[in-house]
Amino acid sequence: MRIELDRINKSFGDNHVLKDLSFSAESGKAFGLLGRNGSGKTTTIRIIMEIFPMDSGTVTINGDKAKKYINKIGYLPEERGLYPKRPILEQMVYFGELRGMKAADAKRNAEILLKKLDAEEYLKRKLDTLSKGNQQKIQLAIALLTEPEILILDEPFSGLDPVNANVLKSLVSEMVAAGKLVIFSSHQMSNVEEFCDDICIINKGVNVLEGNLAKIKRAYPRNRILITPEDGDLEGFSKRIQASPELKALVTDVTAGKRGCVVTIKDEKDRAKLFAAVSSMGVGVDAFQVMEPTLEQIFIEKAGDAPDEEKPAEEPARRAGLFGRRRG
């Protein structure tokens, strides 16, 4: 599967939310769609899902109109849309039937998924008797119910404790390994960084950075080196580097941090010289590695200015629940 967005524009009244937005994502990878509040992430997802119409542009899947594949997309919305007073299994079968499944198939898949999520005991419970984290697991199970080829997760870790967050990560990893396409939107950069291969950062409705995360990191200067001395004496090691005549010609700054000393050299090509000089000092070294920027640092650099507010549109379907009017 390959999904492509080409020059998408969307406005709500006078607010131009998406501005010629383009990016692509493909199967067998987790794709991180990132941006600050009001950047246009959720609007983009809802356009892909055909919840919002776009003003201009195209969304294609495998070169065809996205509508052709709509039943192959699983969607976990940021704003949950389940029925609080209805039993879990009843709801899951209902949502499965709305997506074209037979009731028996929906029931079987629901039972399999809830067992995998360690939530099978809730099958006959009503949603409002569950904790926020367990409600989130039910919503995730519904997104996976139809065995989608594309899974879109909008803030999936909301309400999950570390144990359940790891369950979600395992499921996502399984889908990626099975050749599915996972689009992942979250403010929790560490989770995105952990398993997203490719990313797109949106700022004020514009694609400001897109590509393979590892390659993006390698494009930054590689002249900051983290060195961890074997004896753990960071202050002493830092002073020895600053006092070394041999290193004065190479090093511009040394800072003792929590994990080691961060040594900044004038030219990244001198990393081998730095290592040789440190070795000649007779200090055992546990780690010597280039300090790449974190995804959070990259995100702040690219989207650190104040975002526009993303105004809500008139959405009768959302007000009634994504798939129909809520009943008690």
# chains A, B, ... in the order shown; residues from 1 in each chain; ligands from 1
$ residues_around --residues "Ile241 (chain A)" --least-positions-apart "4" --cutoff "9 Å" --atoms "only C-alpha atoms" --output "PDB file with C-alpha atoms, in the first residue's frame"
ATOM      1  CA  GLY A 236      37.771  14.783  36.384  1.00  0.00           C
ATOM      2  CA  PHE A 237      37.660  13.490  32.803  1.00  0.00           C
ATOM      3  CA  PRO A 245      47.651  20.378  24.852  1.00  0.00           C
ATOM      4  CA  GLU A 246      46.973  17.791  22.146  1.00  0.00           C
ATOM      5  CA  LEU A 247      43.205  18.230  22.444  1.00  0.00           C
ATOM      6  CA  LYS A 248      43.142  22.022  22.577  1.00  0.00           C
ATOM      7  CA  VAL A 251      38.123  20.632  20.925  1.00  0.00           C
ATOM      8  CA  VAL A 254      33.542  20.061  26.920  1.00  0.00           C
ATOM      9  CA  VAL A 263      32.923  16.950  23.592  1.00  0.00           C
ATOM     10  CA  VAL A 278      41.626  10.196  24.616  1.00  0.00           C
ATOM     11  CA  MET A 281      45.497   9.615  28.157  1.00  0.00           C
TER      12      MET A 281
END
$ closest_atom_pairs --of "region 1-106 of chain A" --to "region 123-144 of chain A" --cutoff "7 Å" --atoms "only C-alpha atoms" --output "Markdown table"
| residue | atom | partner | partner_atom | distance |
| --- | --- | --- | --- | --- |
| A:Gly74 | CA | A:Ala143 | CA | 4.5 |
| A:Tyr75 | CA | A:Ala143 | CA | 5.1 |
| A:Leu76 | CA | A:Ala143 | CA | 5.6 |
| A:Tyr83 | CA | A:Leu127 | CA | 6.9 |
| A:Pro84 | CA | A:Leu127 | CA | 4.7 |
| A:Lys85 | CA | A:Lys126 | CA | 5.4 |
| A:Arg86 | CA | A:Lys126 | CA | 5.1 |
| A:Pro87 | CA | A:Lys126 | CA | 4.2 |
| A:Ile88 | CA | A:Leu123 | CA | 5.2 |
| A:Leu89 | CA | A:Leu123 | CA | 5.0 |
| A:Met92 | CA | A:Ile142 | CA | 6.1 |
$ select_by_dssp --residues "region 45-159 of chain A" --states "strand (DSSP E)" --output "VMD selection string"
chain A and resid 56 to 61 64 to 65 73 to 76 150 to 154
$ write_last_selection --atoms "all heavy atoms" --output "tab-separated table (two decimals), in the first residue's frame"
chain	number	residue	atom	x	y	z
A	56	SER	N	-9.02	21.51	-2.17
A	56	SER	CA	-8.33	21.19	-3.42
A	56	SER	C	-7.22	20.20	-3.11
A	56	SER	O	-6.83	20.02	-1.96
A	56	SER	CB	-7.75	22.45	-4.07
A	56	SER	OG	-6.77	23.05	-3.25
A	57	GLY	N	-6.71	19.56	-4.17
A	57	GLY	CA	-5.67	18.56	-4.00
A	57	GLY	C	-6.20	17.16	-4.20
A	57	GLY	O	-7.40	16.96	-4.50
A	58	THR	N	-5.34	16.17	-4.03
A	58	THR	CA	-5.75	14.77	-4.21
A	58	THR	C	-5.15	13.88	-3.13
A	58	THR	O	-4.05	14.13	-2.64
A	58	THR	CB	-5.30	14.22	-5.59
A	58	THR	OG1	-3.87	14.31	-5.69
A	58	THR	CG2	-5.94	14.99	-6.72
A	59	VAL	N	-5.91	12.86	-2.75
A	59	VAL	CA	-5.43	11.80	-1.88
A	59	VAL	C	-5.62	10.50	-2.64
A	59	VAL	O	-6.73	10.16	-3.06
A	59	VAL	CB	-6.22	11.73	-0.56
A	59	VAL	CG1	-5.70	10.56	0.29
A	59	VAL	CG2	-6.11	13.03	0.21
A	60	THR	N	-4.52	9.78	-2.87
A	60	THR	CA	-4.61	8.51	-3.60
A	60	THR	C	-3.97	7.39	-2.79
A	60	THR	O	-3.05	7.62	-2.00
A	60	THR	CB	-3.89	8.60	-4.97
A	60	THR	OG1	-2.52	8.96	-4.77
A	60	THR	CG2	-4.57	9.62	-5.86
A	61	ILE	N	-4.49	6.20	-2.99
A	61	ILE	CA	-3.93	4.99	-2.39
A	61	ILE	C	-3.65	4.02	-3.53
A	61	ILE	O	-4.57	3.68	-4.29
A	61	ILE	CB	-4.87	4.37	-1.35
A	61	ILE	CG1	-5.10	5.35	-0.20
A	61	ILE	CG2	-4.30	3.05	-0.82
A	61	ILE	CD1	-6.08	4.85	0.85
A	64	ASP	N	-5.04	5.04	-6.89
A	64	ASP	CA	-6.48	5.18	-7.07
A	64	ASP	C	-7.05	6.15	-6.04
A	64	ASP	O	-6.39	6.51	-5.06
A	64	ASP	CB	-7.19	3.82	-6.91
A	64	ASP	CG	-6.87	2.86	-8.05
A	64	ASP	OD1	-6.73	3.34	-9.19
A	64	ASP	OD2	-6.76	1.65	-7.78
A	65	LYS	N	-8.30	6.55	-6.24
A	65	LYS	CA	-8.97	7.39	-5.27
A	65	LYS	C	-9.04	6.68	-3.92
A	65	LYS	O	-9.30	5.47	-3.85
A	65	LYS	CB	-10.38	7.74	-5.74
A	65	LYS	CG	-10.39	8.66	-6.94
A	65	LYS	CD	-11.82	9.02	-7.34
A	65	LYS	CE	-11.83	10.00	-8.52
A	65	LYS	NZ	-13.21	10.35	-8.92
A	73	ILE	N	-9.03	0.76	5.85
A	73	ILE	CA	-8.36	1.67	6.79
A	73	ILE	C	-8.96	1.50	8.19
A	73	ILE	O	-10.18	1.55	8.37
A	73	ILE	CB	-8.53	3.15	6.35
A	73	ILE	CG1	-7.93	3.36	4.96
A	73	ILE	CG2	-7.84	4.07	7.36
A	73	ILE	CD1	-8.12	4.77	4.42
A	74	GLY	N	-8.10	1.27	9.16
A	74	GLY	CA	-8.52	1.28	10.56
A	74	GLY	C	-8.14	2.61	11.18
A	74	GLY	O	-7.03	3.12	10.93
A	75	TYR	N	-9.04	3.18	11.98
A	75	TYR	CA	-8.83	4.54	12.48
A	75	TYR	C	-9.09	4.61	13.97
A	75	TYR	O	-10.17	4.26	14.44
A	75	TYR	CB	-9.78	5.48	11.73
A	75	TYR	CG	-9.75	6.94	12.15
A	75	TYR	CD1	-8.57	7.57	12.53
A	75	TYR	CD2	-10.92	7.70	12.15
A	75	TYR	CE1	-8.55	8.91	12.89
A	75	TYR	CE2	-10.91	9.04	12.50
A	75	TYR	CZ	-9.73	9.64	12.87
A	75	TYR	OH	-9.72	10.96	13.23
A	76	LEU	N	-8.08	5.06	14.70
A	76	LEU	CA	-8.23	5.35	16.12
A	76	LEU	C	-8.23	6.87	16.27
A	76	LEU	O	-7.19	7.51	16.20
A	76	LEU	CB	-7.07	4.75	16.92
A	76	LEU	CG	-7.04	5.10	18.42
A	76	LEU	CD1	-8.21	4.45	19.14
A	76	LEU	CD2	-5.72	4.67	19.05
A	150	ILE	N	-4.26	-0.38	6.27
A	150	ILE	CA	-3.73	0.90	6.73
A	150	ILE	C	-4.32	1.19	8.10
A	150	ILE	O	-5.53	1.10	8.28
A	150	ILE	CB	-4.10	2.04	5.75
A	150	ILE	CG1	-3.51	1.77	4.36
A	150	ILE	CG2	-3.60	3.38	6.28
A	150	ILE	CD1	-4.00	2.74	3.30
A	151	LEU	N	-3.47	1.50	9.05
A	151	LEU	CA	-3.92	1.83	10.41
A	151	LEU	C	-3.50	3.26	10.73
A	151	LEU	O	-2.32	3.59	10.68
A	151	LEU	CB	-3.32	0.86	11.43
A	151	LEU	CG	-3.69	1.10	12.89
A	151	LEU	CD1	-5.19	0.92	13.12
A	151	LEU	CD2	-2.91	0.16	13.81
A	152	ILE	N	-4.48	4.10	11.07
A	152	ILE	CA	-4.21	5.49	11.43
A	152	ILE	C	-4.48	5.67	12.92
A	152	ILE	O	-5.61	5.43	13.38
A	152	ILE	CB	-5.08	6.46	10.60
A	152	ILE	CG1	-4.80	6.29	9.11
A	152	ILE	CG2	-4.81	7.90	11.02
A	152	ILE	CD1	-5.67	7.14	8.21
A	153	LEU	N	-3.47	6.06	13.66
A	153	LEU	CA	-3.56	6.20	15.11
A	153	LEU	C	-3.33	7.67	15.49
A	153	LEU	O	-2.24	8.20	15.29
A	153	LEU	CB	-2.51	5.32	15.79
A	153	LEU	CG	-2.55	3.83	15.47
A	153	LEU	CD1	-1.33	3.13	16.07
A	153	LEU	CD2	-3.83	3.19	15.97
A	154	ASP	N	-4.36	8.31	16.03
A	154	ASP	CA	-4.26	9.72	16.43
A	154	ASP	C	-4.18	9.78	17.94
A	154	ASP	O	-5.14	9.48	18.64
A	154	ASP	CB	-5.50	10.47	15.91
A	154	ASP	CG	-5.31	11.98	15.94
A	154	ASP	OD1	-4.24	12.44	16.40
A	154	ASP	OD2	-6.22	12.71	15.49
$ residues_around --residues "Arg218 (chain A)" --least-positions-apart "4" --cutoff "8 Å" --atoms "only C-alpha atoms" --output "PyMOL selection string"
chain A and resi 214+222+292
$ closest_residue --among "A:Leu181, A:Val17, A:Val283, A:Leu213" --to "Cys196 (chain A)" --atoms "only C-alpha atoms"
A:Leu213
$ closest_residue --among "A:Leu113, A:Ile8, A:Ile48, A:Leu160" --to "Ile183 (chain A)" --atoms "only C-alpha atoms"
A:Ile48
$ residues_around --residues "region 165-176 of chain A" --least-positions-apart "2" --cutoff "8 Å" --atoms "only C-alpha atoms" --output "list in words"
Ser27, Gly28, Lys29, Ala30, Leu117, Phe157, Leu160, Asp161, Pro162, Val163, Ala178, Gly179, Lys180, Leu181, Val182 and Phe195 of chain A
$ write_last_selection --atoms "N, CA, C and O atoms" --output "PDB file, in the first residue's frame"
ATOM      1  N   SER A  27       3.654   0.911   2.792  1.00  0.00           N
ATOM      2  CA  SER A  27       3.510  -0.275   3.635  1.00  0.00           C
ATOM      3  C   SER A  27       4.850  -0.750   4.184  1.00  0.00           C
ATOM      4  O   SER A  27       5.911  -0.502   3.611  1.00  0.00           O
ATOM      5  N   GLY A  28       4.759  -1.469   5.299  1.00  0.00           N
ATOM      6  CA  GLY A  28       5.943  -2.038   5.911  1.00  0.00           C
ATOM      7  C   GLY A  28       6.730  -1.063   6.737  1.00  0.00           C
ATOM      8  O   GLY A  28       7.850  -1.363   7.158  1.00  0.00           O
ATOM      9  N   LYS A  29       6.134   0.111   7.005  1.00  0.00           N
ATOM     10  CA  LYS A  29       6.796   1.126   7.805  1.00  0.00           C
ATOM     11  C   LYS A  29       5.789   1.808   8.713  1.00  0.00           C
ATOM     12  O   LYS A  29       4.597   1.844   8.418  1.00  0.00           O
ATOM     13  N   ALA A  30       6.285   2.334   9.817  1.00  0.00           N
ATOM     14  CA  ALA A  30       5.464   3.211  10.657  1.00  0.00           C
ATOM     15  C   ALA A  30       5.835   4.641  10.294  1.00  0.00           C
ATOM     16  O   ALA A  30       7.008   5.009  10.272  1.00  0.00           O
ATOM     17  N   LEU A 117      -5.140  -8.100  23.750  1.00  0.00           N
ATOM     18  CA  LEU A 117      -4.969  -6.871  24.513  1.00  0.00           C
ATOM     19  C   LEU A 117      -5.169  -7.072  26.012  1.00  0.00           C
ATOM     20  O   LEU A 117      -5.198  -6.104  26.766  1.00  0.00           O
ATOM     21  N   PHE A 157      -1.519   6.879  22.636  1.00  0.00           N
ATOM     22  CA  PHE A 157      -1.045   6.573  23.977  1.00  0.00           C
ATOM     23  C   PHE A 157      -1.794   7.322  25.075  1.00  0.00           C
ATOM     24  O   PHE A 157      -1.490   7.159  26.256  1.00  0.00           O
ATOM     25  N   LEU A 160      -2.908   5.560  28.488  1.00  0.00           N
ATOM     26  CA  LEU A 160      -2.309   4.241  28.663  1.00  0.00           C
ATOM     27  C   LEU A 160      -1.156   4.295  29.662  1.00  0.00           C
ATOM     28  O   LEU A 160      -0.305   5.180  29.601  1.00  0.00           O
ATOM     29  N   ASP A 161      -1.139   3.321  30.589  1.00  0.00           N
ATOM     30  CA  ASP A 161       0.002   3.205  31.486  1.00  0.00           C
ATOM     31  C   ASP A 161       1.155   2.545  30.719  1.00  0.00           C
ATOM     32  O   ASP A 161       0.974   2.062  29.595  1.00  0.00           O
ATOM     33  N   PRO A 162       2.370   2.507  31.289  1.00  0.00           N
ATOM     34  CA  PRO A 162       3.522   1.959  30.553  1.00  0.00           C
ATOM     35  C   PRO A 162       3.331   0.528  30.070  1.00  0.00           C
ATOM     36  O   PRO A 162       3.793   0.169  28.981  1.00  0.00           O
ATOM     37  N   VAL A 163       2.646  -0.309  30.870  1.00  0.00           N
ATOM     38  CA  VAL A 163       2.432  -1.706  30.466  1.00  0.00           C
ATOM     39  C   VAL A 163       1.553  -1.762  29.220  1.00  0.00           C
ATOM     40  O   VAL A 163       1.863  -2.445  28.235  1.00  0.00           O
ATOM     41  N   ALA A 178       4.122  -7.281   9.275  1.00  0.00           N
ATOM     42  CA  ALA A 178       3.224  -7.988   8.358  1.00  0.00           C
ATOM     43  C   ALA A 178       2.995  -7.213   7.063  1.00  0.00           C
ATOM     44  O   ALA A 178       2.185  -7.622   6.230  1.00  0.00           O
ATOM     45  N   GLY A 179       3.703  -6.084   6.904  1.00  0.00           N
ATOM     46  CA  GLY A 179       3.595  -5.334   5.664  1.00  0.00           C
ATOM     47  C   GLY A 179       2.460  -4.336   5.620  1.00  0.00           C
ATOM     48  O   GLY A 179       2.089  -3.854   4.549  1.00  0.00           O
ATOM     49  N   LYS A 180       1.895  -3.984   6.772  1.00  0.00           N
ATOM     50  CA  LYS A 180       0.822  -2.993   6.825  1.00  0.00           C
ATOM     51  C   LYS A 180       1.427  -1.585   6.876  1.00  0.00           C
ATOM     52  O   LYS A 180       2.603  -1.402   7.175  1.00  0.00           O
ATOM     53  N   LEU A 181       0.596  -0.604   6.596  1.00  0.00           N
ATOM     54  CA  LEU A 181       1.008   0.792   6.690  1.00  0.00           C
ATOM     55  C   LEU A 181       0.395   1.400   7.940  1.00  0.00           C
ATOM     56  O   LEU A 181      -0.823   1.369   8.119  1.00  0.00           O
ATOM     57  N   VAL A 182       1.238   1.924   8.822  1.00  0.00           N
ATOM     58  CA  VAL A 182       0.789   2.541  10.062  1.00  0.00           C
ATOM     59  C   VAL A 182       1.136   4.021  10.034  1.00  0.00           C
ATOM     60  O   VAL A 182       2.309   4.382   9.889  1.00  0.00           O
ATOM     61  N   PHE A 195       9.755   3.766  17.074  1.00  0.00           N
ATOM     62  CA  PHE A 195       9.449   2.800  16.018  1.00  0.00           C
ATOM     63  C   PHE A 195       8.969   3.392  14.694  1.00  0.00           C
ATOM     64  O   PHE A 195       8.551   2.646  13.811  1.00  0.00           O
TER      65      PHE A 195
END
$ residues_around --residues "Ser39 (chain A)" --least-positions-apart "2" --cutoff "6 Å" --atoms "only C-alpha atoms" --output "NGL selection string"
:A and (35-37 or 41 or 203-205)
$ write_last_selection --atoms "N, CA, C and O atoms" --output "tab-separated table (two decimals), in the first residue's frame"
chain	number	residue	atom	x	y	z
A	35	GLY	N	3.15	17.47	14.56
A	35	GLY	CA	2.88	18.89	14.51
A	35	GLY	C	2.30	19.35	15.83
A	35	GLY	O	1.77	18.56	16.61
A	36	ARG	N	2.41	20.64	16.10
A	36	ARG	CA	1.86	21.18	17.34
A	36	ARG	C	0.34	21.24	17.26
A	36	ARG	O	-0.26	21.03	16.19
A	37	ASN	N	-0.30	21.51	18.40
A	37	ASN	CA	-1.74	21.70	18.40
A	37	ASN	C	-2.09	22.81	17.41
A	37	ASN	O	-1.49	23.88	17.42
A	41	LYS	N	-2.74	18.42	11.78
A	41	LYS	CA	-2.59	16.95	11.75
A	41	LYS	C	-3.94	16.24	11.70
A	41	LYS	O	-4.17	15.37	10.85
A	203	ASN	N	3.84	22.34	10.13
A	203	ASN	CA	3.80	23.57	10.92
A	203	ASN	C	2.91	24.57	10.21
A	203	ASN	O	3.17	24.93	9.06
A	204	LYS	N	1.84	24.97	10.88
A	204	LYS	CA	0.87	25.91	10.30
A	204	LYS	C	0.35	25.43	8.95
A	204	LYS	O	0.19	26.21	8.01
A	205	GLY	N	0.09	24.13	8.86
A	205	GLY	CA	-0.49	23.57	7.65
A	205	GLY	C	0.47	23.31	6.52
A	205	GLY	O	0.06	22.91	5.42
$ residues_around --residues "Ala106 (chain A)" --least-positions-apart "5" --cutoff "8 Å" --atoms "only C-alpha atoms" --output "PyMOL selection string"
chain A and resi 92-93+96-97+101+145-146
$ atom_distance --atom1 "CA of Ser24 (chain A)" --atom2 "CA of Ile3 (chain A)"
5.6 Å
$ atom_distance --atom1 "CA of Leu226 (chain A)" --atom2 "CA of Ile201 (chain A)"
27.4 Å
$ decode --residues "region 213-224 of chain A" --atoms "all heavy atoms" --output "PDB file, in the first residue's frame"
ATOM      1  N   LEU A 213      13.779   9.135   9.223  1.00  0.00           N
ATOM      2  CA  LEU A 213      14.256   9.777  10.446  1.00  0.00           C
ATOM      3  C   LEU A 213      15.749   9.573  10.658  1.00  0.00           C
ATOM      4  O   LEU A 213      16.465  10.509  11.044  1.00  0.00           O
ATOM      5  CB  LEU A 213      13.469   9.257  11.655  1.00  0.00           C
ATOM      6  CG  LEU A 213      13.825   9.858  13.010  1.00  0.00           C
ATOM      7  CD1 LEU A 213      13.715  11.378  12.986  1.00  0.00           C
ATOM      8  CD2 LEU A 213      12.925   9.271  14.107  1.00  0.00           C
ATOM      9  N   ALA A 214      16.247   8.373  10.387  1.00  0.00           N
ATOM     10  CA  ALA A 214      17.684   8.110  10.569  1.00  0.00           C
ATOM     11  C   ALA A 214      18.515   8.995   9.640  1.00  0.00           C
ATOM     12  O   ALA A 214      19.552   9.541  10.044  1.00  0.00           O
ATOM     13  CB  ALA A 214      17.977   6.633  10.311  1.00  0.00           C
ATOM     14  N   LYS A 215      18.071   9.154   8.399  1.00  0.00           N
ATOM     15  CA  LYS A 215      18.815   9.986   7.442  1.00  0.00           C
ATOM     16  C   LYS A 215      18.733  11.458   7.830  1.00  0.00           C
ATOM     17  O   LYS A 215      19.701  12.204   7.659  1.00  0.00           O
ATOM     18  CB  LYS A 215      18.265   9.772   6.033  1.00  0.00           C
ATOM     19  CG  LYS A 215      18.594   8.402   5.446  1.00  0.00           C
ATOM     20  CD  LYS A 215      18.057   8.271   4.035  1.00  0.00           C
ATOM     21  CE  LYS A 215      18.416   6.899   3.446  1.00  0.00           C
ATOM     22  NZ  LYS A 215      17.874   6.746   2.066  1.00  0.00           N
ATOM     23  N   ILE A 216      17.571  11.878   8.331  1.00  0.00           N
ATOM     24  CA  ILE A 216      17.433  13.268   8.781  1.00  0.00           C
ATOM     25  C   ILE A 216      18.432  13.556   9.897  1.00  0.00           C
ATOM     26  O   ILE A 216      19.109  14.588   9.900  1.00  0.00           O
ATOM     27  CB  ILE A 216      15.990  13.544   9.254  1.00  0.00           C
ATOM     28  CG1 ILE A 216      15.039  13.560   8.055  1.00  0.00           C
ATOM     29  CG2 ILE A 216      15.904  14.866  10.021  1.00  0.00           C
ATOM     30  CD1 ILE A 216      13.574  13.600   8.427  1.00  0.00           C
ATOM     31  N   LYS A 217      18.533  12.638  10.840  1.00  0.00           N
ATOM     32  CA  LYS A 217      19.472  12.829  11.948  1.00  0.00           C
ATOM     33  C   LYS A 217      20.915  12.883  11.462  1.00  0.00           C
ATOM     34  O   LYS A 217      21.719  13.692  11.934  1.00  0.00           O
ATOM     35  CB  LYS A 217      19.302  11.699  12.975  1.00  0.00           C
ATOM     36  CG  LYS A 217      18.032  11.786  13.803  1.00  0.00           C
ATOM     37  CD  LYS A 217      18.020  10.700  14.855  1.00  0.00           C
ATOM     38  CE  LYS A 217      16.852  10.829  15.791  1.00  0.00           C
ATOM     39  NZ  LYS A 217      16.902   9.864  16.902  1.00  0.00           N
ATOM     40  N   ARG A 218      21.241  12.028  10.493  1.00  0.00           N
ATOM     41  CA  ARG A 218      22.626  11.976  10.002  1.00  0.00           C
ATOM     42  C   ARG A 218      22.997  13.220   9.199  1.00  0.00           C
ATOM     43  O   ARG A 218      24.179  13.502   8.995  1.00  0.00           O
ATOM     44  CB  ARG A 218      22.849  10.724   9.152  1.00  0.00           C
ATOM     45  CG  ARG A 218      22.857   9.427   9.969  1.00  0.00           C
ATOM     46  CD  ARG A 218      23.355   8.261   9.131  1.00  0.00           C
ATOM     47  NE  ARG A 218      24.763   8.429   8.781  1.00  0.00           N
ATOM     48  CZ  ARG A 218      25.773   8.082   9.557  1.00  0.00           C
ATOM     49  NH1 ARG A 218      25.552   7.566  10.741  1.00  0.00           N
ATOM     50  NH2 ARG A 218      27.021   8.258   9.151  1.00  0.00           N
ATOM     51  N   ALA A 219      21.995  13.964   8.761  1.00  0.00           N
ATOM     52  CA  ALA A 219      22.271  15.182   7.997  1.00  0.00           C
ATOM     53  C   ALA A 219      22.728  16.332   8.888  1.00  0.00           C
ATOM     54  O   ALA A 219      23.261  17.327   8.399  1.00  0.00           O
ATOM     55  CB  ALA A 219      21.023  15.594   7.216  1.00  0.00           C
ATOM     56  N   TYR A 220      22.520  16.195  10.198  1.00  0.00           N
ATOM     57  CA  TYR A 220      22.960  17.241  11.133  1.00  0.00           C
ATOM     58  C   TYR A 220      24.457  17.104  11.389  1.00  0.00           C
ATOM     59  O   TYR A 220      25.029  16.021  11.207  1.00  0.00           O
ATOM     60  CB  TYR A 220      22.194  17.119  12.456  1.00  0.00           C
ATOM     61  CG  TYR A 220      20.817  17.726  12.400  1.00  0.00           C
ATOM     62  CD1 TYR A 220      19.770  17.067  11.787  1.00  0.00           C
ATOM     63  CD2 TYR A 220      20.558  18.980  12.964  1.00  0.00           C
ATOM     64  CE1 TYR A 220      18.490  17.631  11.722  1.00  0.00           C
ATOM     65  CE2 TYR A 220      19.293  19.551  12.910  1.00  0.00           C
ATOM     66  CZ  TYR A 220      18.263  18.871  12.287  1.00  0.00           C
ATOM     67  OH  TYR A 220      17.017  19.438  12.225  1.00  0.00           O
ATOM     68  N   PRO A 221      25.126  18.206  11.800  1.00  0.00           N
ATOM     69  CA  PRO A 221      26.562  18.133  12.101  1.00  0.00           C
ATOM     70  C   PRO A 221      26.865  17.017  13.104  1.00  0.00           C
ATOM     71  O   PRO A 221      26.123  16.825  14.074  1.00  0.00           O
ATOM     72  CB  PRO A 221      26.865  19.516  12.709  1.00  0.00           C
ATOM     73  CG  PRO A 221      25.831  20.409  12.113  1.00  0.00           C
ATOM     74  CD  PRO A 221      24.586  19.566  11.989  1.00  0.00           C
ATOM     75  N   ARG A 222      27.973  16.314  12.865  1.00  0.00           N
ATOM     76  CA  ARG A 222      28.320  15.153  13.693  1.00  0.00           C
ATOM     77  C   ARG A 222      29.610  15.422  14.459  1.00  0.00           C
ATOM     78  O   ARG A 222      30.510  14.567  14.542  1.00  0.00           O
ATOM     79  CB  ARG A 222      28.423  13.907  12.818  1.00  0.00           C
ATOM     80  CG  ARG A 222      27.142  13.648  12.025  1.00  0.00           C
ATOM     81  CD  ARG A 222      27.224  12.437  11.128  1.00  0.00           C
ATOM     82  NE  ARG A 222      27.368  11.191  11.839  1.00  0.00           N
ATOM     83  CZ  ARG A 222      26.372  10.554  12.438  1.00  0.00           C
ATOM     84  NH1 ARG A 222      25.144  11.073  12.442  1.00  0.00           N
ATOM     85  NH2 ARG A 222      26.582   9.410  13.065  1.00  0.00           N
ATOM     86  N   ASN A 223      29.679  16.647  15.012  1.00  0.00           N
ATOM     87  CA  ASN A 223      30.903  17.043  15.712  1.00  0.00           C
ATOM     88  C   ASN A 223      30.742  17.070  17.230  1.00  0.00           C
ATOM     89  O   ASN A 223      31.634  17.537  17.934  1.00  0.00           O
ATOM     90  CB  ASN A 223      31.366  18.424  15.225  1.00  0.00           C
ATOM     91  CG  ASN A 223      30.370  19.526  15.551  1.00  0.00           C
ATOM     92  OD1 ASN A 223      29.168  19.274  15.637  1.00  0.00           O
ATOM     93  ND2 ASN A 223      30.851  20.749  15.714  1.00  0.00           N
ATOM     94  N   ARG A 224      29.604  16.575  17.730  1.00  0.00           N
ATOM     95  CA  ARG A 224      29.417  16.478  19.185  1.00  0.00           C
ATOM     96  C   ARG A 224      29.502  15.009  19.574  1.00  0.00           C
ATOM     97  O   ARG A 224      28.716  14.188  19.112  1.00  0.00           O
ATOM     98  CB  ARG A 224      28.081  17.082  19.618  1.00  0.00           C
ATOM     99  CG  ARG A 224      27.980  18.577  19.322  1.00  0.00           C
ATOM    100  CD  ARG A 224      26.609  19.131  19.660  1.00  0.00           C
ATOM    101  NE  ARG A 224      26.380  19.176  21.103  1.00  0.00           N
ATOM    102  CZ  ARG A 224      25.398  18.554  21.732  1.00  0.00           C
ATOM    103  NH1 ARG A 224      24.539  17.799  21.062  1.00  0.00           N
ATOM    104  NH2 ARG A 224      25.262  18.667  23.040  1.00  0.00           N
TER     105      ARG A 224
END
